[in-house]
$ cat run-v7.txt   # compact mmCIF, C-alpha atoms
# COMPACT_ATOMS: atom_id res chain seq x y z
CA MET A 1 -10.70 -8.90 0.58
CA SER A 2 -13.69 -6.71 -0.23
CA PRO A 3 -14.04 -3.34 1.50
CA ASP A 4 -17.10 -4.57 3.39
CA ALA A 5 -15.26 -7.56 4.80
CA LEU A 6 -12.38 -5.30 5.72
CA VAL A 7 -14.69 -2.96 7.61
CA GLY A 8 -16.39 -5.91 9.30
CA ARG A 9 -13.06 -7.25 10.46
CA GLY A 10 -12.08 -3.78 11.60
CA THR A 11 -15.12 -3.42 13.84
CA ARG A 12 -14.59 -6.92 15.23
CA GLN A 13 -11.07 -5.92 16.19
CA LEU A 14 -12.15 -2.67 17.83
CA PRO A 15 -12.32 -4.03 21.40
CA VAL A 16 -8.89 -5.61 20.93
CA ILE A 17 -7.46 -2.33 19.63
CA ALA A 18 -9.00 -0.39 22.51
CA TRP A 19 -7.57 -2.88 24.99
CA LEU A 20 -4.10 -2.71 23.43
CA VAL A 21 -4.14 1.09 23.47
CA LEU A 22 -5.18 1.02 27.13
CA ILE A 23 -2.28 -1.29 28.00
CA TRP A 24 0.10 0.87 25.98
CA VAL A 25 -0.96 4.02 27.83
CA LEU A 26 -0.76 2.24 31.18
CA LEU A 27 2.74 1.03 30.37
CA TRP A 28 3.85 4.56 29.54
CA GLY A 29 2.29 5.57 32.80
CA SER A 30 0.80 8.86 31.71
CA PHE A 31 -2.01 9.97 29.47
CA SER A 32 -1.04 12.17 26.56
CA TRP A 33 -2.25 12.38 22.99
CA ALA A 34 1.16 11.33 21.72
CA ASN A 35 0.87 8.16 23.80
CA VAL A 36 -2.64 7.42 22.61
CA LEU A 37 -1.74 7.96 18.95
CA SER A 38 1.44 5.90 19.03
CA GLY A 39 -0.51 3.23 20.93
CA LEU A 40 -3.16 3.28 18.24
CA VAL A 41 -0.53 2.75 15.57
CA ALA A 42 1.04 -0.11 17.53
CA ALA A 43 -2.37 -1.72 18.16
CA VAL A 44 -3.39 -1.56 14.51
CA VAL A 45 -0.06 -3.04 13.44
CA VAL A 46 -0.45 -5.85 15.98
CA THR A 47 -4.03 -6.67 15.00
CA VAL A 48 -3.21 -6.62 11.29
CA ALA A 49 -0.02 -8.64 11.66
CA PHE A 50 -1.46 -11.21 14.11
CA PRO A 51 -5.19 -11.41 13.45
CA LEU A 52 -7.24 -13.44 15.90
CA PRO A 53 -10.45 -15.26 15.12
CA GLY A 54 -13.56 -13.45 16.26
CA VAL A 55 -14.90 -15.01 19.44
CA THR A 56 -17.30 -12.38 20.64
CA GLU A 57 -20.46 -13.42 18.80
CA HIS A 58 -22.02 -15.03 21.88
CA ALA A 59 -20.80 -12.35 24.22
CA ARG A 60 -22.35 -9.23 25.65
CA PHE A 61 -21.12 -6.90 28.31
CA ARG A 62 -23.63 -6.36 31.11
CA PRO A 63 -22.18 -3.72 33.44
CA LEU A 64 -24.22 -4.56 36.55
CA ALA A 65 -23.68 -8.28 36.26
CA VAL A 66 -19.99 -7.69 35.57
CA LEU A 67 -19.71 -5.63 38.75
CA SER A 68 -21.40 -8.33 40.79
CA PHE A 69 -19.17 -10.94 39.13
CA LEU A 70 -16.08 -8.92 40.04
CA GLY A 71 -17.29 -8.47 43.60
CA PHE A 72 -17.94 -12.17 44.07
CA PHE A 73 -14.67 -12.94 42.31
CA LEU A 74 -12.60 -10.83 44.71
CA ARG A 75 -14.43 -12.25 47.71
CA ASP A 76 -13.97 -15.81 46.45
CA LEU A 77 -10.32 -15.13 45.69
CA ALA A 78 -9.78 -14.02 49.28
CA VAL A 79 -11.70 -17.00 50.66
CA SER A 80 -10.02 -19.61 48.48
CA SER A 81 -6.57 -18.11 49.12
CA VAL A 82 -7.10 -18.38 52.84
CA GLN A 83 -8.44 -21.91 52.41
CA VAL A 84 -5.45 -23.04 50.37
CA ALA A 85 -3.08 -21.24 52.71
CA TRP A 86 -4.65 -23.00 55.68
CA ALA A 87 -4.54 -26.35 53.90
CA ALA A 88 -0.85 -25.73 53.32
CA ALA A 89 0.00 -24.56 56.81
CA ARG A 90 -2.14 -26.78 59.02
CA PRO A 91 -0.33 -29.61 60.72
CA GLY A 92 -1.26 -33.17 59.94
CA PRO A 93 -1.35 -35.51 56.95
CA PRO A 94 -1.04 -34.21 53.39
CA VAL A 95 -4.01 -32.43 51.95
CA ARG A 96 -6.51 -34.47 49.95
CA SER A 97 -7.99 -33.50 46.64
CA ALA A 98 -10.33 -34.85 43.97
CA VAL A 99 -10.61 -35.00 40.19
CA ILE A 100 -14.16 -34.45 39.03
CA VAL A 101 -15.95 -34.16 35.71
CA VAL A 102 -18.29 -31.19 35.51
CA GLU A 103 -20.82 -30.77 32.73
CA LEU A 104 -21.28 -27.14 31.81
CA ARG A 105 -24.23 -25.57 30.06
CA THR A 106 -22.28 -22.98 28.09
CA ASP A 107 -21.44 -23.36 24.42
CA SER A 108 -19.18 -20.46 23.57
CA ASP A 109 -15.41 -20.36 23.18
CA LEU A 110 -15.01 -17.00 24.85
CA LEU A 111 -17.24 -17.84 27.80
CA LEU A 112 -15.56 -21.21 28.34
CA THR A 113 -12.20 -19.46 28.33
CA LEU A 114 -13.39 -16.95 30.90
CA ILE A 115 -14.88 -19.73 33.03
CA ALA A 116 -11.68 -21.76 32.89
CA GLU A 117 -9.58 -18.72 33.80
CA THR A 118 -11.85 -17.89 36.69
CA LEU A 119 -11.90 -21.49 37.89
CA SER A 120 -8.13 -21.52 38.19
CA LEU A 121 -8.31 -18.72 40.76
CA VAL A 122 -11.57 -19.52 42.57
CA PRO A 123 -12.93 -21.57 44.37
CA GLY A 124 -10.31 -24.17 45.10
CA SER A 125 -10.44 -25.62 41.61
CA MET A 126 -8.01 -26.09 38.75
CA VAL A 127 -9.06 -26.97 35.22
CA LEU A 128 -7.17 -30.00 33.94
CA ASP A 129 -8.89 -30.63 30.67
CA ILE A 130 -11.77 -29.33 28.58
CA ASP A 131 -13.92 -31.32 26.21
CA ARG A 132 -15.19 -28.59 23.94
CA MET A 133 -17.60 -30.86 22.04
CA HIS A 134 -19.45 -32.05 25.11
CA ARG A 135 -18.94 -28.92 27.21
CA THR A 136 -17.38 -30.84 30.03
CA MET A 137 -14.42 -29.90 32.16
CA LEU A 138 -12.09 -32.05 34.15
CA VAL A 139 -11.49 -30.17 37.36
CA HIS A 140 -9.06 -30.79 40.19
CA VAL A 141 -10.37 -29.50 43.49
CA LEU A 142 -8.55 -28.92 46.74
CA PRO A 143 -9.01 -29.20 49.66
CA VAL A 144 -11.67 -31.88 50.04
CA THR A 145 -12.17 -34.39 52.82
CA ASP A 146 -15.25 -36.38 51.81
CA GLU A 147 -17.91 -36.85 49.16
CA ALA A 148 -20.02 -33.99 50.50
CA ASP A 149 -17.10 -31.63 49.96
CA VAL A 150 -16.78 -32.88 46.41
CA GLU A 151 -20.43 -32.20 45.68
CA ARG A 152 -20.14 -28.74 47.21
CA GLN A 153 -17.13 -27.97 45.01
CA ARG A 154 -19.03 -29.19 41.96
CA ALA A 155 -21.89 -26.85 42.82
CA ASP A 156 -19.39 -24.02 43.29
CA VAL A 157 -17.99 -24.62 39.81
CA LEU A 158 -21.48 -24.34 38.36
CA VAL A 159 -22.10 -21.16 40.34
CA VAL A 160 -18.94 -19.64 38.85
CA GLU A 161 -20.17 -20.64 35.41
CA GLU A 162 -23.50 -18.99 36.06
CA ARG A 163 -21.89 -15.74 37.23
CA VAL A 164 -19.59 -15.55 34.21
CA VAL A 165 -22.41 -16.26 31.77
CA ARG A 166 -24.73 -13.75 33.40
CA ALA A 167 -21.98 -11.12 33.16
CA PHE A 168 -20.68 -11.77 29.66
CA GLY A 169 -23.07 -14.15 27.92
CA SER A 170 -25.70 -13.54 25.27
CA SER A 171 -29.33 -14.02 26.20
CA ARG A 172 -29.29 -17.46 24.56
CA GLU A 173 -26.46 -18.57 26.84
CA ILE A 174 -28.28 -17.23 29.86
CA ALA A 175 -31.40 -19.11 28.83
CA ALA A 176 -29.31 -22.27 28.53
CA LEU A 177 -28.44 -21.92 32.23
CA ASP A 178 -32.01 -22.35 33.29
CA GLY A 179 -32.86 -25.65 31.68
CA PRO A 180 -31.32 -28.69 30.08
CA ASP A 181 -31.18 -27.73 26.42
CA GLY A 182 -30.33 -31.02 24.81
CA PRO A 183 -32.35 -34.21 24.38
CA PRO A 184 -31.45 -36.99 26.84
CA ALA A 185 -30.28 -39.20 23.98
CA GLU A 186 -27.44 -36.81 23.34
CA ALA A 187 -26.30 -36.98 26.94
CA ALA A 188 -26.32 -40.78 26.80
CA ALA A 189 -24.24 -40.68 23.63
CA ASP A 190 -21.85 -38.33 25.38
CA ASP A 191 -21.41 -40.76 28.23
CA ALA A 192 -20.79 -43.64 25.85
CA GLY A 193 -18.20 -41.58 24.02
CA ARG A 194 -16.43 -40.65 27.20
CA ASN A 195 -16.16 -44.19 28.53
CA ARG A 196 -14.76 -45.52 25.31
CA MET B 1 8.48 1.83 60.00
CA THR B 2 11.60 -0.29 60.37
CA VAL B 3 9.42 -2.98 61.88
CA VAL B 4 7.25 -3.00 58.77
CA TRP B 5 10.31 -3.37 56.54
CA VAL B 6 11.66 -6.24 58.60
CA VAL B 7 8.35 -8.08 58.87
CA ALA B 8 7.45 -7.70 55.19
CA TYR B 9 10.83 -8.84 53.97
CA THR B 10 11.00 -11.71 56.46
CA LEU B 11 7.70 -13.02 55.16
CA LEU B 12 8.64 -12.54 51.52
CA SER B 13 12.06 -14.10 51.85
CA GLY B 14 10.46 -16.99 53.74
CA GLY B 15 8.19 -17.59 50.79
CA ALA B 16 11.05 -17.21 48.32
CA ALA B 17 13.25 -19.61 50.30
CA LEU B 18 10.48 -22.22 50.41
CA SER B 19 9.95 -21.86 46.66
CA MET B 20 13.66 -22.41 46.17
CA VAL B 21 13.45 -25.53 48.31
CA ARG B 22 10.88 -26.82 45.85
CA VAL B 23 13.06 -25.86 42.88
CA TRP B 24 15.92 -27.72 44.49
CA ARG B 25 14.02 -30.85 45.53
CA GLY B 26 11.97 -31.15 42.40
CA PRO B 27 11.39 -34.01 41.80
CA SER B 28 9.97 -33.33 38.37
CA LEU B 29 10.52 -30.62 35.80
CA LEU B 30 6.97 -29.38 36.26
CA ASP B 31 7.49 -28.95 40.01
CA ARG B 32 10.43 -26.74 39.26
CA VAL B 33 8.47 -24.71 36.72
CA VAL B 34 5.68 -24.07 39.21
CA ALA B 35 8.17 -23.13 41.91
CA THR B 36 10.11 -20.83 39.58
CA GLU B 37 6.97 -19.05 38.54
CA THR B 38 6.00 -18.52 42.16
CA LEU B 39 9.53 -17.38 42.98
CA LEU B 40 9.41 -14.76 40.24
CA ALA B 41 6.03 -13.55 41.43
CA ILE B 42 7.40 -13.24 44.97
CA ILE B 43 10.36 -11.27 43.62
CA ALA B 44 7.93 -8.99 41.80
CA GLY B 45 6.06 -8.64 45.08
CA GLY B 46 9.30 -7.77 46.85
CA ILE B 47 10.05 -5.05 44.32
CA ALA B 48 6.54 -3.68 44.77
CA VAL B 49 6.93 -3.70 48.56
CA TYR B 50 10.16 -1.73 48.17
CA ALA B 51 8.49 0.70 45.76
CA GLY B 52 5.62 1.16 48.20
CA LEU B 53 7.56 1.47 51.44
CA ALA B 54 10.32 3.70 50.02
CA ARG B 55 7.88 5.59 47.78
CA ASP B 56 10.31 4.94 44.94
CA PRO B 57 8.51 4.74 41.60
CA ALA B 58 11.66 4.02 39.59
CA VAL B 59 11.63 0.24 40.12
CA VAL B 60 8.06 -0.40 38.99
CA PRO B 61 8.88 -1.13 35.32
CA VAL B 62 11.32 -3.78 36.50
CA LEU B 63 8.49 -5.38 38.41
CA LEU B 64 6.33 -5.62 35.30
CA VAL B 65 9.14 -7.24 33.36
CA VAL B 66 9.80 -9.78 36.12
CA ALA B 67 6.10 -10.63 36.40
CA LEU B 68 5.81 -11.24 32.66
CA LEU B 69 9.03 -13.26 32.55
CA GLY B 70 7.53 -15.76 34.98
CA PHE B 71 4.56 -16.29 32.70
CA LEU B 72 6.64 -16.60 29.54
CA GLY B 73 9.03 -19.06 31.15
CA ALA B 74 6.26 -21.26 32.47
CA VAL B 75 4.43 -21.33 29.16
CA SER B 76 7.61 -22.11 27.23
CA VAL B 77 8.51 -25.05 29.42
CA ALA B 78 4.93 -26.30 29.43
CA ARG B 79 4.86 -26.28 25.65
CA TYR B 80 8.20 -28.02 25.57
CA VAL B 81 7.07 -30.86 27.82
CA GLY B 82 3.71 -30.99 26.03
CA GLY B 83 5.47 -31.35 22.69
CA MET B 84 7.35 -34.34 24.03
CA LEU B 85 4.05 -35.90 25.07
CA ILE B 86 2.62 -35.58 21.59
CA LYS B 87 5.77 -36.88 20.02
CA SER B 88 5.71 -39.94 22.26
CA GLY B 89 2.50 -41.24 20.68
CA THR B 90 1.02 -42.37 23.97
CA ASP B 91 -0.47 -39.80 26.27
CA ASP B 92 1.92 -40.10 29.14
CA GLY B 93 5.31 -39.78 27.51
CA ARG B 94 6.52 -43.24 28.50
CA ALA B 95 7.18 -44.23 24.89
CA ALA B 96 9.57 -41.28 24.66
CA GLY B 97 11.44 -42.54 27.70
CA LEU B 98 9.67 -40.45 30.31
CA PRO B 99 8.86 -42.43 33.44
CA PRO B 100 5.33 -42.21 34.84
CA ALA B 101 5.43 -39.68 37.59
CA ALA B 102 3.00 -40.90 40.22
CA GLU B 103 3.85 -43.66 42.60
CA GLN B 104 0.52 -45.34 42.01
CA THR B 105 -0.43 -47.75 39.27
CA VAL B 106 -2.10 -46.54 36.13
CA GLU B 107 -5.84 -46.40 36.02
CA GLY B 108 -8.33 -45.65 33.29
CA ARG B 109 -6.96 -47.37 30.24
CA MET C 1 -4.94 12.65 58.91
CA VAL C 2 -6.34 11.02 55.82
CA ARG C 3 -2.78 10.42 54.73
CA GLU C 4 -1.95 8.54 57.93
CA ILE C 5 -5.02 6.36 57.62
CA LEU C 6 -4.18 5.59 53.99
CA ASP C 7 -0.64 4.74 55.02
CA VAL C 8 -1.87 2.29 57.63
CA VAL C 9 -4.23 0.68 55.12
CA ALA C 10 -1.48 0.46 52.50
CA ILE C 11 0.97 -1.12 54.93
CA GLY C 12 -1.74 -3.54 55.97
CA PHE C 13 -2.18 -4.57 52.35
CA LEU C 14 1.57 -4.94 51.87
CA LEU C 15 1.96 -7.12 54.97
CA LEU C 16 -1.10 -9.23 54.15
CA GLY C 17 0.25 -9.76 50.65
CA SER C 18 3.58 -10.84 52.09
CA VAL C 19 1.79 -13.34 54.31
CA MET C 20 0.09 -14.75 51.22
CA ALA C 21 3.46 -15.03 49.47
CA LEU C 22 4.75 -17.00 52.43
CA ALA C 23 1.66 -19.20 52.32
CA ALA C 24 2.31 -19.91 48.65
CA GLY C 25 5.84 -20.99 49.54
CA VAL C 26 4.59 -23.23 52.36
CA GLY C 27 2.07 -24.79 50.02
CA LEU C 28 4.71 -25.43 47.40
CA VAL C 29 6.77 -27.37 49.90
CA ARG C 30 4.03 -29.19 51.76
CA PHE C 31 1.52 -30.17 49.08
CA PRO C 32 1.93 -33.73 47.85
CA ASP C 33 1.83 -33.50 44.03
CA VAL C 34 2.33 -31.10 41.14
CA ILE C 35 -1.30 -30.16 40.67
CA SER C 36 -1.80 -29.47 44.37
CA ARG C 37 1.32 -27.34 44.29
CA LEU C 38 -0.18 -25.46 41.38
CA HIS C 39 -3.07 -24.56 43.66
CA ALA C 40 -0.56 -23.02 46.04
CA GLY C 41 1.16 -21.32 43.12
CA THR C 42 -2.04 -19.70 41.89
CA LYS C 43 -4.55 -18.70 44.53
CA PRO C 44 -2.50 -17.38 47.47
CA GLN C 45 0.18 -16.14 45.12
CA VAL C 46 -2.16 -14.09 42.92
CA ALA C 47 -4.01 -12.78 45.95
CA GLY C 48 -0.68 -11.84 47.52
CA VAL C 49 0.59 -10.02 44.45
CA LEU C 50 -2.73 -8.22 44.08
CA LEU C 51 -2.67 -7.10 47.71
CA ILE C 52 0.91 -5.91 47.40
CA MET C 53 0.18 -4.04 44.17
CA VAL C 54 -2.83 -2.31 45.71
CA GLY C 55 -0.83 -1.44 48.82
CA GLY C 56 2.00 -0.07 46.71
CA ALA C 57 -0.43 1.86 44.55
CA ILE C 58 -1.93 3.51 47.62
CA ARG C 59 1.51 4.49 48.89
CA LEU C 60 2.54 5.84 45.49
CA ALA C 61 -0.76 7.61 44.82
CA GLY C 62 -0.30 10.59 42.55
CA THR C 63 2.64 9.27 40.58
CA PRO C 64 2.15 7.82 37.09
CA VAL C 65 3.42 4.38 38.11
CA VAL C 66 0.21 3.69 40.05
CA TRP C 67 -1.38 2.50 36.83
CA MET C 68 1.64 0.42 36.04
CA LEU C 69 1.32 -1.30 39.42
CA LEU C 70 -2.35 -2.00 38.88
CA LEU C 71 -1.57 -3.25 35.37
CA GLY C 72 0.95 -5.63 36.92
CA GLY C 73 -1.75 -6.99 39.22
CA LEU C 74 -4.19 -7.33 36.33
CA LEU C 75 -1.63 -9.12 34.18
CA GLN C 76 -0.96 -11.55 37.03
CA MET C 77 -4.67 -12.32 37.19
CA LEU C 78 -4.79 -12.90 33.44
CA THR C 79 -1.56 -14.82 32.90
CA VAL C 80 -1.29 -17.05 35.95
CA PRO C 81 -4.42 -19.10 35.15
CA VAL C 82 -3.20 -19.63 31.59
CA SER C 83 0.20 -20.99 32.55
CA ALA C 84 -1.35 -22.93 35.43
CA HIS C 85 -3.77 -24.61 33.06
CA MET C 86 -1.03 -25.49 30.59
CA ILE C 87 1.05 -27.04 33.35
CA SER C 88 -1.84 -28.81 35.06
CA ARG C 89 -3.01 -30.41 31.83
CA ILE C 90 0.42 -31.84 31.12
CA ALA C 91 0.97 -32.80 34.73
CA TYR C 92 -2.26 -34.76 34.70
CA ARG C 93 -1.39 -36.60 31.50
CA ARG C 94 1.97 -37.44 33.00
CA ARG C 95 0.28 -38.86 36.13
CA HIS C 96 1.82 -36.32 38.47
CA VAL C 97 -1.07 -37.04 40.79
CA ARG C 98 -1.00 -38.96 44.04
CA GLU C 99 -3.99 -41.17 43.40
CA ASP C 100 -4.06 -42.41 46.98
CA LEU C 101 -4.84 -38.86 48.11
CA LEU C 102 -7.76 -38.41 45.75
CA VAL C 103 -11.18 -38.59 47.35
CA VAL C 104 -12.90 -38.99 43.99
CA HIS C 105 -11.33 -39.71 40.63
CA GLU C 106 -13.89 -39.46 37.88
CA ALA C 107 -11.82 -39.79 34.72
CA GLY C 108 -8.85 -41.73 33.51
CA PHE C 109 -5.45 -40.18 33.02
CA ALA C 110 -6.05 -39.81 29.30
CA GLY C 111 -8.30 -36.92 30.24
CA LEU C 112 -11.60 -36.37 28.53
CA ALA C 113 -11.79 -38.82 25.66
CA ASP C 114 -12.14 -36.40 22.78
CA LEU C 115 -8.96 -34.62 23.65
CA GLN C 116 -6.81 -37.66 23.07
CA ASP C 117 -6.20 -36.43 19.54
CA ASP C 118 -4.26 -33.32 20.27
CA PRO C 119 -4.43 -30.42 17.85
CA PRO C 120 -1.47 -30.29 15.50
CA GLY C 121 1.16 -27.62 15.67
CA ASP C 122 2.77 -28.47 18.96
CA GLN C 123 5.43 -30.82 17.71
CA PRO C 124 9.00 -29.77 18.38
CA ALA C 125 11.45 -30.88 15.74
CA ASP C 126 13.75 -32.60 18.16
CA ALA C 127 12.96 -32.67 21.84
CA PRO C 128 15.67 -33.98 24.13
CA ARG C 129 14.72 -36.21 27.03
CA ASP C 130 13.38 -34.79 30.24
CA GLN C 131 16.17 -35.97 32.47
CA GLY C 132 15.20 -34.28 35.71
CA ASP C 133 12.02 -36.26 35.90
CA SER C 134 12.06 -39.17 38.27
CA GLY C 135 8.65 -38.78 39.88
$ encode --input "run-v7.txt" --output "structure tokens"
Amino acid sequence: MSPDALVGRGTRQLPVIAWLVLIWVLLWGSFSWANVLSGLVAAVVVTVAFPLPGVTEHARFRPLAVLSFLGFFLRDLAVSSVQVAWAAARPGPPVRSAVIVVELRTDSDLLLTLIAETLSLVPGSMVLDIDRMHRTMLVHVLPVTDEADVERQRADVLVVEERVVRAFGSSREIAALDGPDGPPAEAAADDAGRNR
Amino acid sequence: MTVVWVVAYTLLSGGAALSMVRVWRGPSLLDRVVATETLLAIIAGGIAVYAGLARDPAVVPVLLVVALLGFLGAVSVARYVGGMLIKSGTDDGRAAGLPPAAEQTVEGR
Amino acid sequence: MVREILDVVAIGFLLLGSVMALAAGVGLVRFPDVISRLHAGTKPQVAGVLLIMVGGAIRLAGTPVVWMLLLGGLLQMLTVPVSAHMISRIAYRRRHVREDLLVVHEAGFAGLADLQDDPPGDQPADAPRDQGDSG
């Protein structure tokens, strides 16, 4: 590996190293230079021994949008927890759910991962399957009672996508939120492929 | 203060007992995995409640270990069942001798 | 004075978190299929653990373990969705879904078509049969 490539890989791994050092210091429970240095050694060893592919090329960190995402996330977590808790505790017949296909507008591994993680916690959804090629997700939603509920849940999933992308996405991904960015023929081909 | 202890631990042990009911009744392996993961998280919560109410910081590392164990266990079993699915050739594991889990007939193929 | 108020808030968090833990248990028992039970095992459970961690952190403010508690909450938020997704994906393929309780069912049990060819690397050398599984 040439020195340039080595340096490039090193800078790509910087966020990972910083994150690992942070966890290391938190696990020790106190901040001291000895902790930080030993954490740095451990983090470098981990990143060299188990290198991960770079996934951050479509990602940015937008502090304000991240804050608003976190705020909405905590609120939604509270709301959906209460909803699920009520669905569990209320008397009556078993709760009803739905399996829906949602087409996303994002085309980035990291963002899709974040969206899927978020969707498992809010808002009443659970990702069953992801079609990376066609950017679609198979989502299980609970609780639903009728078709209107289903449509509302589908809209909620897209809202979560929008918040994640606005917080962590590159400007191209954000632009993709605002309009359909593929020719209709492609969508038709997608449908044909899915119903095979 | 005693009231808080009693109420908190009544609620937590209620949740833990219900999770154990699900571990016991199953009926499938995945049910038991989900219930075990929840049970471990509730145990971690119980340790944290103790640490908070007694102001005892010594047990907190235990809590971290318990919380991570739940995750590792769930992922291991999920990979194990998933490996069987791939090995079976069909998507649902029936070729490997696994019965279809739902009571309903199969749709979509 | 501030200390008393903080104590009340912290105990509120702890009790609320315990209620959520109970709700997760109720959901586990009452929900009809694996994926619904996963909902109970993720949302109320993560919210409960988070509340308890925050409550504990307030009570233990000033000691180094506060950060460890918050790290525990953060790790729950990061790990639970991952394991939940792994389980839900397999549960769906294995038809652990009560179809009669679905309002809408937009895809077959094979999942999204392109994922039928699973990535390699998951194959165990010799997997014994899943005997506990009777549906």
$ residues_near_point --input "run-v7.txt" --point "(10.0, -28.9, 33.4)" --cutoff "8 Å" --atoms "only C-alpha atoms" --output "compact mmCIF listing (two decimals) with C-alpha atoms, in the coordinates of the input"
# COMPACT_ATOMS: atom_id res chain seq x y z
CA SER B 28 9.97 -33.33 38.37
CA LEU B 29 10.52 -30.62 35.80
CA LEU B 30 6.97 -29.38 36.26
CA ASP B 31 7.49 -28.95 40.01
CA ARG B 32 10.43 -26.74 39.26
CA VAL B 33 8.47 -24.71 36.72
CA VAL B 77 8.51 -25.05 29.42
CA ALA B 78 4.93 -26.30 29.43
CA VAL B 81 7.07 -30.86 27.82
CA ASP C 130 13.38 -34.79 30.24
CA GLY C 132 15.20 -34.28 35.71
$ residues_around --input "run-v7.txt" --residues "A:Pro51" --least-positions-apart "4" --cutoff "9 Å" --atoms "all atoms listed in the file" --output "VMD selection string"
chain A and resid 13 46 to 47
$ interface_residues --input "run-v7.txt" --of "chain C" --to "chain A" --cutoff "6 Å" --atoms "all atoms listed in the file" --output "count of residues only"
18
$ closest_atom_pairs --input "run-v7.txt" --of "chain B" --to "chain C" --cutoff "6 Å" --atoms "all atoms listed in the file" --output "CSV"
residue,atom,partner,partner_atom,distance
B:Ala8,CA,C:Leu15,CA,5.5
B:Leu11,CA,C:Ser18,CA,5.6
B:Leu12,CA,C:Ser18,CA,5.4
B:Gly14,CA,C:Leu22,CA,5.9
B:Gly15,CA,C:Leu22,CA,3.9
B:Leu18,CA,C:Gly25,CA,4.9
B:Ser19,CA,C:Gly25,CA,5.1
B:Arg22,CA,C:Val29,CA,5.8
B:Pro27,CA,C:Gly135,CA,5.8
B:Ser28,CA,C:Asp133,CA,4.3
B:Leu29,CA,C:Asp133,CA,5.8
B:Asp31,CA,C:Val34,CA,5.7
B:Thr38,CA,C:Gly41,CA,5.7
B:Gly45,CA,C:Val49,CA,5.7
B:Gly52,CA,C:Gly56,CA,4.1
B:Arg55,CA,C:Leu60,CA,5.8
B:Leu64,CA,C:Gly72,CA,5.6
B:Val75,CA,C:Ser83,CA,5.4
B:Ala78,CA,C:Ile87,CA,5.6
B:Gly83,CA,C:Gln123,CA,5.0
B:Asp92,CA,C:Arg94,CA,4.7
B:Ala101,CA,C:Gly135,CA,4.1
B:Ala102,CA,C:His96,CA,5.0
B:Gly108,CA,C:Gly108,CA,4.0
$ axis_aligned_box --input "run-v7.txt" --around "stretch 73-92 of chain C" --padding-each-side "6 Å" --output "lines of an AutoDock Vina configuration file"
center_x = -1.9
center_y = -20.9
center_z = 34.9
size_x = 17.8
size_y = 39.8
size_z = 20.6
$ atom_distance --input "run-v7.txt" --atom1 "atom CA of C:Leu70" --atom2 "atom CA of A:Val157"
27.5 Å
$ atom_distance --input "run-v7.txt" --atom1 "atom CA of B:Leu53" --atom2 "atom CA of C:Val8"
11.3 Å
$ closest_residue --input "run-v7.txt" --among "B:Met84, B:Arg79, B:Pro57, B:Gly73" --to "chain A" --atoms "all atoms listed in the file"
B:Pro57
$ atom_distance --input "run-v7.txt" --atom1 "atom CA of B:Ala17" --atom2 "atom CA of B:Ala58"
26.0 Å
